[in-house]
Every structure is written in structure tokens, then in C-alpha cells.
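Asks: Quick one, query.txt (compact mmCIF, C-alpha atoms):
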# COMPACT_ATOMS: atom_id res chain seq x y z
CA MET G 1 -31.41 39.36 82.30
CA GLU G 2 -29.37 42.26 83.58
CA PRO G 3 -25.75 41.48 84.48
CA LEU G 4 -24.79 41.87 88.12
CA ASP G 5 -22.97 44.96 89.30
CA PHE G 6 -19.63 44.13 90.93
CA PRO G 7 -18.40 44.09 93.53
CA LEU G 8 -21.21 42.67 95.62
CA THR G 9 -20.91 44.14 99.08
CA THR G 10 -22.03 43.16 102.56
CA ASP G 11 -21.40 44.93 105.84
CA ARG G 12 -17.87 43.54 106.06
CA LEU G 13 -17.08 41.94 102.69
CA ARG G 14 -16.54 42.61 99.00
CA LEU G 15 -17.30 39.78 96.59
CA ARG G 16 -15.73 40.44 93.22
CA THR G 17 -14.90 38.59 90.04
CA TYR G 18 -11.44 37.13 89.50
CA VAL G 19 -8.45 38.82 87.89
CA GLU G 20 -5.11 37.22 86.98
CA SER G 21 -3.31 38.74 89.97
CA ASP G 22 -5.55 36.72 92.33
CA ALA G 23 -3.43 33.61 91.73
CA GLU G 24 -0.89 34.51 94.41
CA GLU G 25 -3.46 35.31 97.11
CA GLN G 26 -5.59 32.25 96.37
CA LEU G 27 -2.45 30.08 96.34
CA ARG G 28 -1.85 31.14 99.96
CA ILE G 29 -5.23 29.58 100.84
CA PHE G 30 -5.57 26.66 98.42
CA SER G 31 -2.01 25.38 98.92
CA ARG G 32 -2.80 24.52 102.55
CA GLU G 33 -3.22 20.84 103.31
CA ASP G 34 -5.98 21.59 105.83
CA VAL G 35 -7.95 23.43 103.11
CA ALA G 36 -7.44 20.79 100.40
CA GLN G 37 -8.08 17.74 102.58
CA PHE G 38 -11.83 17.68 101.87
CA LEU G 39 -11.63 18.97 98.28
CA LEU G 40 -11.45 16.82 95.19
CA GLU G 41 -8.04 18.26 94.31
CA ASP G 42 -4.64 18.31 95.93
CA PRO G 43 -3.13 21.46 97.44
CA TRP G 44 -2.37 23.99 94.73
CA THR G 45 1.06 24.74 93.36
CA ALA G 46 1.83 28.15 91.83
CA GLU G 47 1.20 26.73 88.34
CA VAL G 48 -2.13 25.20 89.38
CA ALA G 49 -3.14 28.51 90.99
CA ARG G 50 -2.53 30.39 87.73
CA THR G 51 -4.53 27.80 85.80
CA LYS G 52 -7.43 27.69 88.27
CA VAL G 53 -7.67 31.48 88.44
CA SER G 54 -7.62 31.76 84.61
CA GLU G 55 -10.49 29.22 84.53
CA ARG G 56 -12.45 31.35 87.03
CA ILE G 57 -11.98 34.72 85.27
CA PRO G 58 -14.76 34.16 82.67
CA ARG G 59 -17.21 32.94 85.34
CA THR G 60 -18.96 36.28 85.72
CA GLY G 61 -22.60 35.28 85.84
CA LEU G 62 -25.13 32.50 85.42
CA GLU G 63 -26.42 34.23 82.28
CA THR G 64 -23.00 34.04 80.59
CA GLU G 65 -21.62 31.24 78.45
CA SER G 66 -19.85 29.82 81.52
CA ARG G 67 -23.21 29.46 83.38
CA ALA G 68 -21.23 30.18 86.55
CA LEU G 69 -20.23 32.93 88.94
CA ALA G 70 -16.87 32.68 90.73
CA LEU G 71 -16.08 35.34 93.29
CA VAL G 72 -13.11 36.33 95.39
CA VAL G 73 -14.08 37.05 99.00
CA GLU G 74 -12.28 40.06 100.46
CA THR G 75 -12.63 41.88 103.75
CA ALA G 76 -14.00 45.37 103.21
CA ASP G 77 -11.96 48.54 103.67
CA GLY G 78 -11.08 49.31 107.25
CA LEU G 79 -11.19 45.74 108.52
CA LYS G 80 -8.15 44.07 110.01
CA ASP G 81 -6.27 42.16 107.34
CA ILE G 82 -5.99 38.36 107.60
CA GLU G 83 -2.31 37.40 107.29
CA GLY G 84 -1.61 40.71 105.55
CA SER G 85 -4.23 40.16 102.85
CA ARG G 86 -7.78 41.25 102.30
CA VAL G 87 -8.46 38.08 100.25
CA ILE G 88 -9.98 35.50 102.57
CA GLY G 89 -11.56 33.00 100.20
CA ASP G 90 -13.62 32.00 97.23
CA ILE G 91 -17.32 31.39 96.67
CA ALA G 92 -18.94 30.15 93.48
CA ILE G 93 -22.30 29.18 92.13
CA TRP G 94 -22.92 27.32 88.88
CA LEU G 95 -26.00 26.08 87.09
CA ASP G 96 -26.82 22.41 87.26
CA ASN G 97 -26.13 20.70 83.92
CA ASP G 98 -29.76 19.93 83.17
CA SER G 99 -31.49 23.08 84.42
CA ASP G 100 -31.46 26.85 84.38
CA GLU G 101 -33.40 26.89 87.65
CA LYS G 102 -31.06 24.82 89.87
CA ALA G 103 -27.53 25.66 90.89
CA GLU G 104 -24.78 24.32 93.11
CA VAL G 105 -22.87 26.56 95.49
CA GLY G 106 -19.42 26.00 96.96
CA TRP G 107 -17.15 27.98 99.26
CA ILE G 108 -13.58 27.96 100.52
CA LEU G 109 -12.43 30.25 103.33
CA ASP G 110 -8.98 30.80 104.74
CA PRO G 111 -8.92 28.99 108.12
CA ALA G 112 -7.24 32.09 109.58
CA ALA G 113 -10.48 34.00 108.86
CA SER G 114 -12.83 31.44 110.39
CA GLY G 115 -14.91 32.14 113.44
CA HIS G 116 -15.87 35.69 112.43
CA GLY G 117 -19.01 34.96 110.39
CA PHE G 118 -17.36 35.89 107.08
CA ALA G 119 -18.34 32.63 105.34
CA THR G 120 -21.93 33.02 106.53
CA GLU G 121 -22.04 36.59 105.26
CA ALA G 122 -20.61 35.66 101.85
CA ALA G 123 -22.87 32.61 101.44
CA ILE G 124 -26.02 34.57 102.31
CA ALA G 125 -25.04 37.25 99.78
CA VAL G 126 -24.65 34.62 97.05
CA LEU G 127 -27.93 32.92 97.98
CA ASN G 128 -29.64 36.32 97.77
CA VAL G 129 -28.21 36.78 94.26
CA ALA G 130 -29.25 33.25 93.28
CA PHE G 131 -32.85 33.66 94.35
CA ASP G 132 -33.49 37.40 94.00
CA HIS G 133 -31.44 38.28 90.90
CA TYR G 134 -31.49 35.00 88.99
CA GLY G 135 -34.85 33.73 90.22
CA LEU G 136 -33.56 30.22 90.88
CA HIS G 137 -35.87 27.54 92.24
CA ARG G 138 -33.21 25.52 94.11
CA VAL G 139 -29.62 25.88 95.30
CA PHE G 140 -27.69 22.92 96.69
CA ALA G 141 -24.28 22.22 98.19
CA GLN G 142 -22.36 18.93 98.28
CA MET G 143 -19.44 18.23 100.56
CA ASP G 144 -17.28 15.55 102.11
CA ALA G 145 -19.19 14.40 105.19
CA ARG G 146 -16.04 14.82 107.31
CA ASN G 147 -16.07 18.54 106.56
CA THR G 148 -18.15 19.51 109.58
CA THR G 149 -17.23 23.20 109.23
CA SER G 150 -18.81 23.33 105.78
CA ALA G 151 -21.84 21.31 106.89
CA ASN G 152 -22.37 23.67 109.83
CA LEU G 153 -22.19 26.65 107.47
CA ALA G 154 -24.84 25.10 105.21
CA LYS G 155 -27.13 24.65 108.23
CA ARG G 156 -26.39 28.16 109.53
CA ILE G 157 -27.47 29.77 106.25
CA GLY G 158 -30.74 27.84 106.27
CA MET G 159 -29.96 24.94 103.96
CA ARG G 160 -31.47 21.59 104.87
CA GLN G 161 -29.54 18.35 104.85
CA GLU G 162 -31.23 16.23 102.21
CA ALA G 163 -28.89 13.27 101.90
CA HIS G 164 -25.95 11.46 103.41
CA LEU G 165 -24.52 9.30 100.65
CA ARG G 166 -22.37 6.55 102.10
CA LYS G 167 -18.98 5.81 100.53
CA ASP G 168 -20.17 7.17 97.18
CA LEU G 169 -17.06 9.04 96.04
CA TRP G 170 -13.51 7.79 95.51
CA SER G 171 -11.31 10.68 96.62
CA LYS G 172 -7.58 10.70 97.31
CA GLY G 173 -7.28 6.95 97.68
CA GLU G 174 -10.39 6.24 99.75
CA TRP G 175 -14.15 6.02 99.55
CA THR G 176 -15.76 9.03 101.18
CA ASP G 177 -19.29 9.96 102.24
CA THR G 178 -21.04 12.97 100.70
CA LEU G 179 -23.54 15.28 102.36
CA VAL G 180 -26.09 17.12 100.22
CA PHE G 181 -27.77 20.27 101.49
CA GLY G 182 -30.47 22.16 99.64
CA MET G 183 -32.56 25.28 99.79
CA LEU G 184 -35.63 26.16 97.76
CA SER G 185 -36.63 29.69 96.97
CA SER G 186 -39.78 29.11 99.04
CA ASP G 187 -37.67 28.08 102.09
CA ARG G 188 -36.46 31.66 102.48
CA HIS G 189 -39.94 32.95 103.24
CA GLN G 190 -40.81 30.44 105.95
CA ALA G 191 -40.43 31.32 109.61
Written as C-alpha cells, that's how I'd like the structure from this file.
Replies:
Amino acid sequence: MEPLDFPLTTDRLRLRTYVESDAEEQLRIFSREDVAQFLLEDPWTAEVARTKVSERIPRTGLETESRALALVVETADGLKDIEGSRVIGDIAIWLDNDSDEKAEVGWILDPAASGHGFATEAAIAVLNVAFDHYGLHRVFAQMDARNTTSANLAKRIGMRQEAHLRKDLWSKGEWTDTLVFGMLSSDRHQA
């Protein structure tokens, strides 16, 4: 399989692989309590940001040893900067442990950039890569059921809610519900 050409571009965004210098910009987003509240990890510190970014750097494609693609989401040239930065988030896709035809997708967007359709644009671009470039059969997303913003994004990009798992995950001192959304390659061609 041919490697992807980076950056991936949309009308308003650039999706590119990670570099070490992304730690500072991603720290600005991931250190926020309102971002971390529905994640499985606590808000990032500077040290955690450096570690997490170094873990993401080799995630350059599903065909690589990492079996994952981690991308920085940036606003494209000429767009108004969000809090002085073009970096507005992170989106990743990784192969399911038992299959080369199923992958999970996840996204994090700076709350300051919400409401402009950026997350929708980035997620559609990654779904297009998943199905058109990699030929995947299925892509799914799992999230804390309280994260209505993420659930609404999954619906907006055409994913179907497949499950609501009740109190199935112990996270940050409490049992939480999980929503599972999925999309099949064949779903993209239905009206």
C-alpha cells in the first residue's frame, strides 16, 4: 500500500503528522480540565505533553508498524488564528487489535475552535482516508456518554449509534457509560 501524502488538506484545515515541537501547542488544549473531563487521562502537564507527542510521532499510517495514524489539526493559511495558534486539535485512527479491516477513530478539538465545523471537516477527511485509501470495512468511535459534543459529531459525520453501555468503565473514580458509534464502508454510499 502506498503511504499517504502529508499534509492532508480540506477547504479550511491541514492535517499533518506530529513533530516534537507540537508538545507546547497540544499542551494548551490537553491541559484544560474541560477537555480532559471525558478522556481516560487527567489534564496534561508539560512532561506528559512531551511524552504523548513523542508516542504520536511514529503513528504515520495504518500500514506502518504502529498500525495508527495520529494527526495534528491546524487551520489552513489565511484563517483567523484560534488563541494565537493554528493548532486546534488532534485526530487519530488506529487498527483494531484483531483486524486489518476495522479501526477506531478519536478526536480532540480546542473548545475555542468549536462551532465552526472544523471537527466535522477533520473527521470526514479521516473517514475518507480510512475507507478510500486504506479500504477499511468498518470504523468506530467510543466515548463517554456524557460527552454530547463528541456524540453529536459522530452523528453529524454519518456514524450510527450502535450501543450505549451502562456503567461499563471505571474512569476517574466513578463508573461511566460508553457510547459506541460505527460506520461501514457501505454506509457511505447510501442516501
Asks: Work out how far atom CA of G:Phe6 is from atom CA of G:His116, in Å to one decimal.
Replies: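 Interatomic distance here is 23.4 Å.
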Asks: Using all atoms listed in the file, can you tell me which of G:Leu40, G:Asp187, G:Thr64, G:Ala112 comes closest to G:Gln142?
Replies: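 Closest candidate: G:Leu40.
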Asks: For the point (-7.8, 15.7, 90.1) in file coordinates, what residues are within 12 Å, counting all atoms listed in the file? Give the answer as an MDAnalysis selection string?
Replies: chainID G and resid 36 39:44 48 170:173
Asks: For G:Glu63, which residue among G:Ile93, G:Ala141, G:Leu169, G:Ile157 is the nearest when counting only C-alpha atoms?
Replies: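 For G:Glu63, the nearest of the given residues is G:Ile93.
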Asks: I need the residue nearest G:Glu55 from this list: G:Asp22, G:Glu33, G:Glu74, G:Glu121. Use all atoms listed in the file for the distance.
Replies: G:Asp22
Asks: So that I can see what lies close to G:Ala103, please list as a PyMOL selection string the residues with an atom at most 12 Å from it, counting all atoms listed in the file and leaving out residues fewer than 4 positions away in the same chain.
Replies: chain G and resi 61-62+67-69+92-99+126-127+129-131+134-142+181-185
Asks: Return the padded bounding box of stretch 178-181 of chain G as AutoDock Vina command-line options: axis-aligned, built from all atoms listed in the file, 4 Å added on each side, with centre and edge lengths in Å to one decimal.
Replies:
--center_x -24.4 --center_y 16.6 --center_z 101.3 --size_x 14.7 --size_y 15.3 --size_z 10.1
Asks: Quick one: pull the distance between atom CA of G:Thr60 and atom CA of G:Asp5, Å, one decimal.
Replies: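 These two atoms are separated by 10.2 Å.
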Asks: So that I can check the surroundings of G:Pro7, please list as an NGL selection string every protein, DNA and RNA residue that reaches within 7 Å of it, counting only C-alpha atoms and ignoring chain neighbours fewer than 4 positions away.
Replies: :G and (14-16)
Asks: Enumerate, as a list in words, the protein, DNA and RNA residues whose atoms approach (-9.6, 32.0, 95.7) to within 6 Å, taking into account all atoms listed in the file and the coordinate frame of the file.
Replies: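 Output of the proximity query reads Gln26, Val72, Gly89 and Asp90 of chain G.
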Asks: Taking all atoms listed in the file into account, name the residue in G:Leu179, G:Val87, G:Val73, G:Ala46 that is nearest to G:Asn152.
Replies: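 Of G:Leu179, G:Val87, G:Val73, G:Ala46, the one nearest G:Asn152, counting all atoms listed in the file, is G:Leu179.
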Asks: Considering only C-alpha atoms, state which residue in the set G:Ser31, G:Gln37, G:Ser186, G:Thr176 is at the smallest distance from G:Ala49.
Replies: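 When distances to G:Ala49 are compared using only C-alpha atoms, the smallest one comes from G:Ser31.
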Asks: As an exercise, work out the distance from atom CA of G:Arg166 to atom CA of G:Ile29 in Å and give it to one decimal place.
Replies: 28.7 Å
Asks: Go through G:Thr75, G:Ser21, G:Arg146, G:Ile91 one by one, measure the shortest atom-to-atom distance of each to G:Phe118 using only C-alpha atoms, and give the residue with the smallest value.
Replies: G:Thr75
Asks: Skipping near chain neighbours, those fewer than 6 positions away, what residues fall within 9 Å of G:His133 using only C-alpha atoms, listed as a list in words?
Replies: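 Near G:His133, the qualifying residues are Met1, Glu2 and Leu4 of chain G.
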Asks: Mind checking which residues fall within 10 Å of G:Leu165, counting all atoms listed in the file, ignoring those fewer than 3 positions away in the same chain, and posting them as a PDB file with C-alpha atoms, in the coordinates of the input?
Replies:
ATOM      1  CA  ASP G 144     -17.280  15.550 102.110  1.00  0.00           C
ATOM      2  CA  ALA G 145     -19.190  14.400 105.190  1.00  0.00           C
ATOM      3  CA  GLU G 162     -31.230  16.230 102.210  1.00  0.00           C
ATOM      4  CA  ASP G 168     -20.170   7.170  97.180  1.00  0.00           C
ATOM      5  CA  LEU G 169     -17.060   9.040  96.040  1.00  0.00           C
ATOM      6  CA  THR G 176     -15.760   9.030 101.180  1.00  0.00           C
ATOM      7  CA  ASP G 177     -19.290   9.960 102.240  1.00  0.00           C
ATOM      8  CA  THR G 178     -21.040  12.970 100.700  1.00  0.00           C
ATOM      9  CA  LEU G 179     -23.540  15.280 102.360  1.00  0.00           C
ATOM     10  CA  VAL G 180     -26.090  17.120 100.220  1.00  0.00           C
TER      11      VAL G 180
END
